[in-house]
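J.: Coordinates in work-v4.txt, compact mmCIF, C-alpha atoms, are listed below.
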```txt
# COMPACT_ATOMS: atom_id res chain seq x y z
CA MET A 8 161.83 45.30 144.34
CA LEU A 9 161.74 48.09 141.74
CA ASN A 10 164.47 50.71 141.53
CA PHE A 11 163.24 54.28 141.03
CA GLY A 12 164.88 57.36 139.59
CA ILE A 13 163.40 60.85 139.98
CA ILE A 14 163.93 63.43 137.24
CA GLY A 15 163.25 66.91 138.60
CA CYS A 16 163.76 67.72 142.28
CA GLY A 17 161.60 70.82 142.61
CA ARG A 18 158.31 71.67 144.30
CA ILE A 19 156.47 68.35 143.87
CA SER A 20 159.45 65.99 144.26
CA PRO A 21 159.14 65.56 148.06
CA ASN A 22 155.83 63.79 147.40
CA HIS A 23 157.58 61.42 145.00
CA VAL A 24 160.31 60.73 147.53
CA LYS A 25 157.75 60.02 150.24
CA ALA A 26 155.69 57.80 147.95
CA ILE A 27 158.74 55.65 147.23
CA ALA A 28 159.58 55.47 150.94
CA ASP A 29 155.97 54.58 151.78
CA ASN A 30 156.20 51.66 149.34
CA ARG A 31 159.57 50.53 150.67
CA GLN A 32 158.69 46.83 150.58
CA GLN A 33 158.59 46.99 146.77
CA ALA A 34 160.42 50.19 145.83
CA ARG A 35 163.63 52.02 146.54
CA LEU A 36 165.10 55.28 145.33
CA VAL A 37 168.45 54.79 143.63
CA ALA A 38 168.91 57.97 141.57
CA VAL A 39 167.85 61.61 141.28
CA CYS A 40 168.42 64.15 138.52
CA ASP A 41 168.30 67.93 138.47
CA LEU A 42 170.29 70.85 137.10
CA GLU A 43 170.69 72.23 140.64
CA ASP A 44 172.83 70.21 143.02
CA ASP A 45 171.22 71.61 146.18
CA LYS A 46 167.80 70.38 145.07
CA MET A 47 169.18 66.88 144.55
CA ASP A 48 170.83 67.04 147.98
CA ALA A 49 167.48 68.01 149.53
CA ALA A 50 165.72 65.08 147.85
CA VAL A 51 168.37 62.60 149.00
CA ALA A 52 168.30 64.03 152.52
CA ARG A 53 164.53 63.64 152.69
CA TYR A 54 164.76 60.03 151.52
CA ASN A 55 167.50 59.29 154.08
CA GLU A 56 165.37 60.85 156.82
CA LEU A 57 162.34 58.73 155.88
CA MET A 58 164.26 55.47 155.39
CA GLY A 59 166.99 55.71 158.02
CA SER A 60 169.56 52.94 157.74
CA ASP A 61 167.53 51.31 154.96
CA ALA A 62 168.07 54.21 152.54
CA GLY A 63 170.99 52.84 150.57
CA THR A 64 173.00 54.86 148.05
CA VAL A 65 171.24 57.39 145.83
CA ARG A 66 173.20 58.51 142.79
CA LYS A 67 172.95 62.07 141.48
CA TYR A 68 172.84 63.07 137.80
CA ASP A 69 172.75 66.47 136.11
CA ASP A 70 171.85 64.87 132.75
CA TYR A 71 168.65 62.83 132.58
CA MET A 72 169.88 60.81 129.61
CA ARG A 73 172.73 59.51 131.76
CA LEU A 74 170.20 58.49 134.41
CA LEU A 75 168.18 56.68 131.74
CA ALA A 76 171.32 54.82 130.66
CA ASN A 77 171.60 53.24 134.13
CA PRO A 78 170.42 49.64 133.63
CA ASP A 79 169.58 49.24 137.31
CA ILE A 80 166.68 51.72 137.15
CA ASP A 81 163.27 50.18 136.50
CA VAL A 82 160.90 53.13 136.96
CA VAL A 83 161.40 56.84 136.28
CA THR A 84 159.26 59.60 137.73
CA ILE A 85 159.19 62.89 135.85
CA ALA A 86 158.61 66.04 137.88
CA THR A 87 160.21 68.71 135.70
CA TYR A 88 158.73 71.71 133.89
CA SER A 89 155.50 70.67 132.17
CA GLY A 90 156.88 71.50 128.74
CA LEU A 91 159.59 68.86 129.19
CA HIS A 92 157.31 66.02 130.29
CA ALA A 93 156.52 64.55 126.88
CA GLN A 94 160.02 64.17 125.48
CA MET A 95 161.49 62.99 128.76
CA ALA A 96 158.76 60.38 129.12
CA ILE A 97 159.28 59.18 125.56
CA ASP A 98 163.05 58.98 126.08
CA ALA A 99 162.51 57.05 129.31
CA MET A 100 160.12 54.57 127.74
CA GLN A 101 162.39 54.04 124.76
CA ALA A 102 165.14 53.28 127.28
CA GLY A 103 162.91 50.53 128.65
CA LYS A 104 161.80 52.34 131.81
CA HIS A 105 158.32 52.41 133.26
CA VAL A 106 157.14 55.98 133.81
CA ILE A 107 155.17 58.06 136.30
CA VAL A 108 154.78 61.53 134.80
CA GLU A 109 153.43 64.54 136.64
CA LYS A 110 150.41 66.29 135.23
CA PRO A 111 149.96 67.50 132.60
CA MET A 112 151.46 64.64 130.64
CA ALA A 113 152.12 67.04 127.75
CA LEU A 114 151.22 70.49 126.46
CA SER A 115 149.94 69.35 123.07
CA THR A 116 147.58 66.68 121.82
CA THR A 117 150.23 65.51 119.35
CA ASP A 118 152.79 64.89 122.10
CA ALA A 119 150.21 63.09 124.25
CA ASP A 120 149.38 60.77 121.37
CA ARG A 121 153.08 60.10 120.81
CA MET A 122 153.46 59.09 124.47
CA ILE A 123 150.48 56.75 124.29
CA LYS A 124 151.86 55.13 121.12
CA VAL A 125 155.38 54.67 122.49
CA ALA A 126 154.08 53.07 125.71
CA GLU A 127 152.16 50.55 123.58
CA GLN A 128 155.03 49.89 121.18
CA VAL A 129 157.71 49.43 123.83
CA GLY A 130 155.46 47.51 126.20
CA VAL A 131 156.20 49.52 129.34
CA LYS A 132 153.75 50.95 131.88
CA MET A 133 153.07 54.66 132.06
CA THR A 134 150.75 56.54 134.38
CA VAL A 135 149.94 60.21 134.97
CA SER A 136 149.93 61.85 138.41
CA PHE A 137 146.25 62.50 138.91
CA GLN A 138 146.67 61.37 142.49
CA ASN A 139 143.39 62.89 143.68
CA ARG A 140 141.56 59.98 142.05
CA PHE A 141 142.79 57.95 145.03
CA ASN A 142 141.28 60.29 147.65
CA LYS A 143 138.85 58.44 149.93
CA SER A 144 136.10 60.94 149.14
CA VAL A 145 136.66 60.69 145.38
CA GLN A 146 136.64 56.89 145.50
CA LYS A 147 133.35 56.99 147.42
CA LEU A 148 131.77 59.27 144.82
CA ARG A 149 133.07 57.11 141.99
CA SER A 150 131.60 53.97 143.57
CA ALA A 151 128.17 55.66 143.78
CA LEU A 152 128.46 56.65 140.14
CA GLU A 153 129.41 53.13 139.03
CA ALA A 154 126.43 51.79 140.99
CA GLN A 155 124.22 54.23 139.02
CA ARG A 156 122.93 55.79 142.23
CA PHE A 157 122.77 59.25 140.63
CA GLY A 158 120.33 58.13 137.95
CA LYS A 159 120.52 60.45 134.97
CA LEU A 160 123.39 62.92 135.34
CA VAL A 161 122.33 66.56 134.94
CA HIS A 162 125.43 68.64 135.55
CA GLY A 163 128.76 68.75 137.31
CA VAL A 164 130.90 71.62 138.60
CA ALA A 165 134.66 71.86 139.16
CA SER A 166 135.67 74.96 141.11
CA MET A 167 139.26 75.81 142.04
CA ARG A 168 139.70 78.97 144.08
CA TRP A 169 143.36 79.28 144.91
CA HIS A 170 145.99 81.96 145.28
CA ARG A 171 149.21 82.19 143.28
CA GLY A 172 151.03 85.50 143.41
CA ALA A 173 154.28 87.15 142.39
CA ASP A 174 156.30 85.02 144.81
CA TYR A 175 155.07 81.83 143.15
CA TYR A 176 155.43 82.95 139.55
CA GLY A 177 158.74 84.63 140.29
CA SER A 178 160.19 81.46 141.79
CA ALA A 179 160.98 80.05 138.32
CA ASP A 180 161.03 81.71 134.92
CA TRP A 181 159.07 78.88 133.26
CA ARG A 182 155.96 79.41 135.37
CA GLY A 183 153.02 80.90 133.54
CA THR A 184 154.66 80.58 130.11
CA TRP A 185 152.96 78.97 127.12
CA ALA A 186 156.07 77.00 126.21
CA MET A 187 156.60 75.31 129.56
CA ASP A 188 153.50 75.66 131.71
CA GLY A 189 150.18 77.18 130.74
CA GLY A 190 148.06 78.88 133.37
CA ALA A 191 145.54 78.18 136.12
CA LEU A 192 143.70 75.62 133.99
CA MET A 193 146.68 73.57 132.88
CA ASN A 194 148.85 73.71 135.98
CA GLN A 195 146.43 73.79 138.91
CA SER A 196 142.79 73.14 137.94
CA ILE A 197 143.64 70.19 135.71
CA HIS A 198 143.35 67.89 138.75
CA ASN A 199 139.75 68.91 139.32
CA ILE A 200 138.99 68.86 135.60
CA ASP A 201 140.25 65.28 135.53
CA LEU A 202 137.84 64.36 138.32
CA LEU A 203 134.96 66.17 136.62
CA GLN A 204 135.38 64.27 133.35
CA TRP A 205 136.01 61.00 135.19
CA MET A 206 132.62 61.34 136.83
CA MET A 207 130.64 62.94 133.99
CA GLY A 208 132.13 61.18 130.96
CA ASP A 209 133.66 62.32 127.68
CA VAL A 210 133.23 65.92 126.56
CA ASP A 211 131.43 66.86 123.37
CA THR A 212 131.81 70.67 123.37
CA ALA A 213 133.67 73.32 125.38
CA TYR A 214 133.33 77.11 125.43
CA GLY A 215 135.63 79.19 127.58
CA PHE A 216 136.78 82.61 128.69
CA ALA A 217 140.11 83.39 130.32
CA GLY A 218 142.20 86.35 131.32
CA THR A 219 145.43 87.43 132.96
CA PHE A 220 144.25 89.69 135.76
CA LEU A 221 146.74 90.02 138.63
CA ASN A 222 150.00 88.35 137.60
CA ASP A 223 152.66 89.32 135.10
CA ILE A 224 152.58 86.06 133.10
CA GLU A 225 151.82 84.96 129.54
CA ALA A 226 149.05 82.51 130.40
CA GLU A 227 145.77 82.93 132.28
CA ASP A 228 145.48 83.32 136.04
CA ALA A 229 141.68 82.93 135.96
CA ALA A 230 139.25 81.19 133.60
CA VAL A 231 135.71 79.87 133.33
CA ALA A 232 134.22 77.38 130.90
CA VAL A 233 131.01 75.55 130.14
CA LEU A 234 130.92 72.01 128.82
CA ARG A 235 128.42 69.69 127.22
CA PHE A 236 129.26 66.06 127.78
CA LYS A 237 128.49 63.38 125.20
CA SER A 238 125.75 62.14 127.53
CA GLY A 239 124.01 65.50 127.18
CA ALA A 240 124.85 66.56 130.74
CA LEU A 241 126.36 69.99 131.38
CA GLY A 242 129.57 71.04 133.09
CA ILE A 243 130.99 74.18 134.63
CA ILE A 244 134.67 74.88 135.29
CA GLU A 245 135.95 77.74 137.43
CA ALA A 246 139.71 78.09 137.81
CA SER A 247 141.29 81.03 139.59
CA ASN A 248 144.72 81.74 141.03
CA CYS A 249 143.52 85.22 142.01
CA ILE A 250 141.75 84.48 145.31
CA TYR A 251 142.72 86.90 148.06
CA PRO A 252 144.65 86.33 150.25
CA SER A 253 145.27 82.55 150.12
CA ASN A 254 143.92 79.22 148.85
CA MET A 255 140.21 78.89 149.57
CA GLU A 256 138.91 75.61 148.13
CA GLU A 257 138.85 73.05 145.36
CA THR A 258 135.35 71.65 145.06
CA LEU A 259 133.75 68.99 142.85
CA SER A 260 129.96 68.72 142.61
CA VAL A 261 127.90 66.10 140.80
CA PHE A 262 124.13 66.50 140.39
CA GLY A 263 121.86 63.77 139.12
CA GLU A 264 118.24 62.75 138.89
CA LYS A 265 118.41 60.74 142.12
CA GLY A 266 121.51 61.98 143.90
CA THR A 267 123.69 64.93 144.84
CA ALA A 268 127.29 64.75 146.05
CA GLN A 269 129.92 67.38 146.70
CA ILE A 270 133.56 67.06 147.65
CA GLY A 271 135.22 70.13 149.14
CA GLY A 272 138.27 71.08 151.14
CA MET A 273 141.44 72.68 149.88
CA ALA A 274 142.02 69.89 147.38
CA THR A 275 138.83 67.79 146.97
CA ASN A 276 139.66 65.86 150.10
CA TYR A 277 136.42 65.48 152.06
CA LEU A 278 132.73 65.00 151.34
CA THR A 279 130.55 68.00 152.17
CA HIS A 280 127.22 66.81 150.76
CA TRP A 281 125.81 63.31 150.22
CA GLU A 282 122.14 62.76 149.39
CA PHE A 283 120.59 59.84 147.47
CA SER A 284 117.00 58.77 146.99
CA ASP A 285 117.80 55.09 147.53
CA GLY A 286 118.66 55.58 151.21
CA LEU A 287 121.34 52.91 151.05
CA ASP A 288 123.66 54.58 153.54
CA ASP A 289 123.60 56.96 156.46
CA LYS A 290 124.43 60.43 155.20
CA GLU A 291 126.03 61.66 158.42
CA GLU A 292 128.15 58.53 158.72
CA VAL A 293 129.40 58.91 155.15
CA LEU A 294 130.26 62.58 155.68
CA ALA A 295 132.12 61.70 158.89
CA ASN A 296 134.11 58.79 157.47
CA TYR A 297 135.10 59.92 153.98
CA GLY A 298 137.43 62.80 154.51
CA GLU A 299 141.12 63.57 154.88
CA ASN A 300 143.00 66.66 155.97
CA PRO A 301 146.22 66.95 153.98
CA ALA A 302 148.95 69.39 154.93
CA ASN A 303 148.96 70.89 151.44
CA VAL A 304 147.11 70.84 148.12
CA TYR A 305 149.03 67.78 146.93
CA GLY A 306 147.17 65.51 149.37
CA PHE A 307 148.04 61.90 150.14
CA GLY A 308 147.40 60.29 146.76
CA HIS A 309 150.95 59.91 145.46
CA THR A 310 151.59 56.93 147.73
CA SER A 311 148.59 55.06 146.28
CA LEU A 312 149.46 56.16 142.73
CA PHE A 313 152.98 54.73 143.09
CA ALA A 314 151.65 51.54 144.69
CA ASP A 315 149.31 51.09 141.73
CA LEU A 316 152.09 51.52 139.18
CA ILE A 317 154.29 49.07 141.10
CA ASP A 318 151.51 46.47 141.10
CA ALA A 319 150.82 47.10 137.40
CA VAL A 320 154.47 46.42 136.58
CA GLN A 321 154.63 43.31 138.74
CA SER A 322 151.31 41.84 137.61
CA GLY A 323 151.40 42.92 133.97
CA ARG A 324 148.05 44.75 134.10
CA GLN A 325 147.46 48.34 133.01
CA PRO A 326 147.76 51.14 135.60
CA TYR A 327 144.60 52.53 137.18
CA ILE A 328 145.25 55.76 135.26
CA THR A 329 146.32 54.75 131.76
CA PRO A 330 148.10 57.12 129.35
CA ALA A 331 144.84 57.51 127.40
CA GLU A 332 143.03 58.47 130.62
CA GLY A 333 145.83 60.90 131.43
CA LYS A 334 145.26 62.69 128.13
CA LYS A 335 141.58 63.47 128.70
CA ALA A 336 141.85 66.36 131.17
CA MET A 337 144.75 67.85 129.22
CA GLU A 338 142.67 67.80 126.02
CA ILE A 339 139.78 69.50 127.83
CA VAL A 340 142.12 72.29 128.93
CA LEU A 341 143.49 72.63 125.41
CA GLY A 342 139.93 72.67 124.09
CA ILE A 343 139.09 75.55 126.41
CA TYR A 344 142.25 77.35 125.31
CA LYS A 345 141.26 76.84 121.67
CA SER A 346 137.83 78.28 122.43
CA VAL A 347 139.42 81.30 124.12
CA LYS A 348 141.69 81.76 121.10
CA THR A 349 138.92 81.47 118.50
CA GLY A 350 136.01 82.88 120.47
CA GLN A 351 133.95 79.88 119.40
CA PRO A 352 132.71 76.61 120.97
CA VAL A 353 135.11 73.74 120.32
CA LYS A 354 134.06 70.19 119.48
CA PHE A 355 135.93 67.10 120.68
CA PRO A 356 138.25 65.59 119.71
CA ILE A 357 139.93 68.95 119.17
CA GLY A 358 142.63 67.83 116.70
CA ASP A 359 146.19 69.11 116.87
CA PHE A 360 146.48 71.92 119.39
CA SER A 361 149.18 73.13 121.77
CA THR A 362 149.66 75.78 124.42
CA LEU A 363 152.10 77.35 121.95
CA ASP A 364 149.10 78.05 119.69
CA MET A 365 147.96 80.56 122.32
CA ARG A 366 150.83 82.91 121.55
```
Taking this structure as input, can you express it in the form of structure tokens?
T.:
Amino acid sequence: MLNFGIIGCGRISPNHVKAIADNRQQARLVAVCDLEDDKMDAAVARYNELMGSDAGTVRKYDDYMRLLANPDIDVVTIATYSGLHAQMAIDAMQAGKHVIVEKPMALSTTDADRMIKVAEQVGVKMTVSFQNRFNKSVQKLRSALEAQRFGKLVHGVASMRWHRGADYYGSADWRGTWAMDGGALMNQSIHNIDLLQWMMGDVDTAYGFAGTFLNDIEAEDAAVAVLRFKSGALGIIEASNCIYPSNMEETLSVFGEKGTAQIGGMATNYLTHWEFSDGLDDKEEVLANYGENPANVYGFGHTSLFADLIDAVQSGRQPYITPAEGKKAMEIVLGIYKSVKTGQPVKFPIGDFSTLDMR
């Protein structure tokens, strides 16, 4: 049984609470931390509702360092402002805690590298919340890729067409800032960018355009980019928080010499196209069986992500999404930002770069 503490009880924290409850045979929530007491109360109430009489006592902290000093806590999940992720994760690991950190793991390549190094030095497990990798549809696409059913990859497309307006950005003063957040690429589209690079491979070059069109924020609310992967294949990224009047879709497409697959839905949650020259499976059956309908854009993946980290801790293996894997999508976003800043294509690795360099 692993004892969990949650740092940050805002918008995404209910998914962390539910993931712990869903893994109740091996995990329990024993502590929460936030600067606002009512948010901690809401998190504890949700856990009590899910667990009933099995909930146990959940301690509340308004200082995350005090939570980290609790020797009973084995795993810490970090769901605070993005700009705080890196230092909190490092502090947690240096306190001997295993870590699940929300995306993005950091807002600079330097901080991401520090996190990777500390995890190795201390010998704890750290994973990044790219929970969409666990979607049934994504796993099906990945299995086809690993079986080389696509043949030579030609190009891939990650499109996020969502809506974020004044109510969203006005809900917290850190949203849309370079110091604590970034824009549509870093906060929202990074999930789809992670899936794109996971399928297509490492990036060689990125060239991007971005703008702030409809929202009063520092960072971008819409962006496009083109990529060339090290394999020679091409990539396209479209990320917009300006879709009227509400979220439309988040779609991932992979095109190869011998196969085409597309995952659609609000958050890459069901297959919409499946065509391969080998004829190994029934297209209609695959389309019917590999889909989910989540209530919101966060999907169902947190439960599987937490289960994976728990098993990694108990077995001693590395998590499915290692810290180095968690860095890749973040570096792609930073590479696009660097291209926007310089007006030039950017080669990978991009070197030291941060969202703060966009100011």
J.: Compare A:Met58, A:Leu278, A:Leu287, A:Ile13 by their minimum atom-to-atom distance to Lys46 in chain A, counting only C-alpha atoms, and give me the closest one.
T.: A:Ile13
J.: Compile the contact shell of Phe216 in chain A as JSON, numbers by chain: residues with an atom at most 6 Å away, counting all atoms listed in the file, same-chain residues fewer than 2 positions apart removed.
T.: {"A": [230, 231, 347]}
J.: Residues of range 202-241 of chain A that have any atom at most 9 Å from an atom of range 249-269 of chain A: could you tabulate them with the shortest-distance atom pair and the distance in Å to one decimal, using all atoms listed in the file, ordered by chain and increasing number, as a Markdown table?
T.:
```
| residue | atom | partner | partner_atom | distance |
| --- | --- | --- | --- | --- |
| A:Leu202 | CA | A:Leu259 | CA | 7.7 |
| A:Leu203 | CA | A:Leu259 | CA | 6.9 |
| A:Met206 | CA | A:Val261 | CA | 7.8 |
| A:Met207 | CA | A:Val261 | CA | 8.0 |
| A:Phe220 | CA | A:Cys249 | CA | 7.7 |
| A:Leu221 | CA | A:Cys249 | CA | 6.7 |
| A:Asn222 | CA | A:Cys249 | CA | 8.4 |
| A:Asp228 | CA | A:Cys249 | CA | 6.6 |
| A:Ala229 | CA | A:Cys249 | CA | 6.7 |
```
J.: To one decimal place, how far is CA of Asp223 in chain A from CA of Leu42 in chain A in Å?
T.: 25.6 Å
J.: Please compute the CA of Leu316 in chain A-CA of Met273 in chain A distance, one decimal, in Å.
T.: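 Spanning CA of Leu316 in chain A to CA of Met273 in chain A is a straight-line distance of 26.0 Å.
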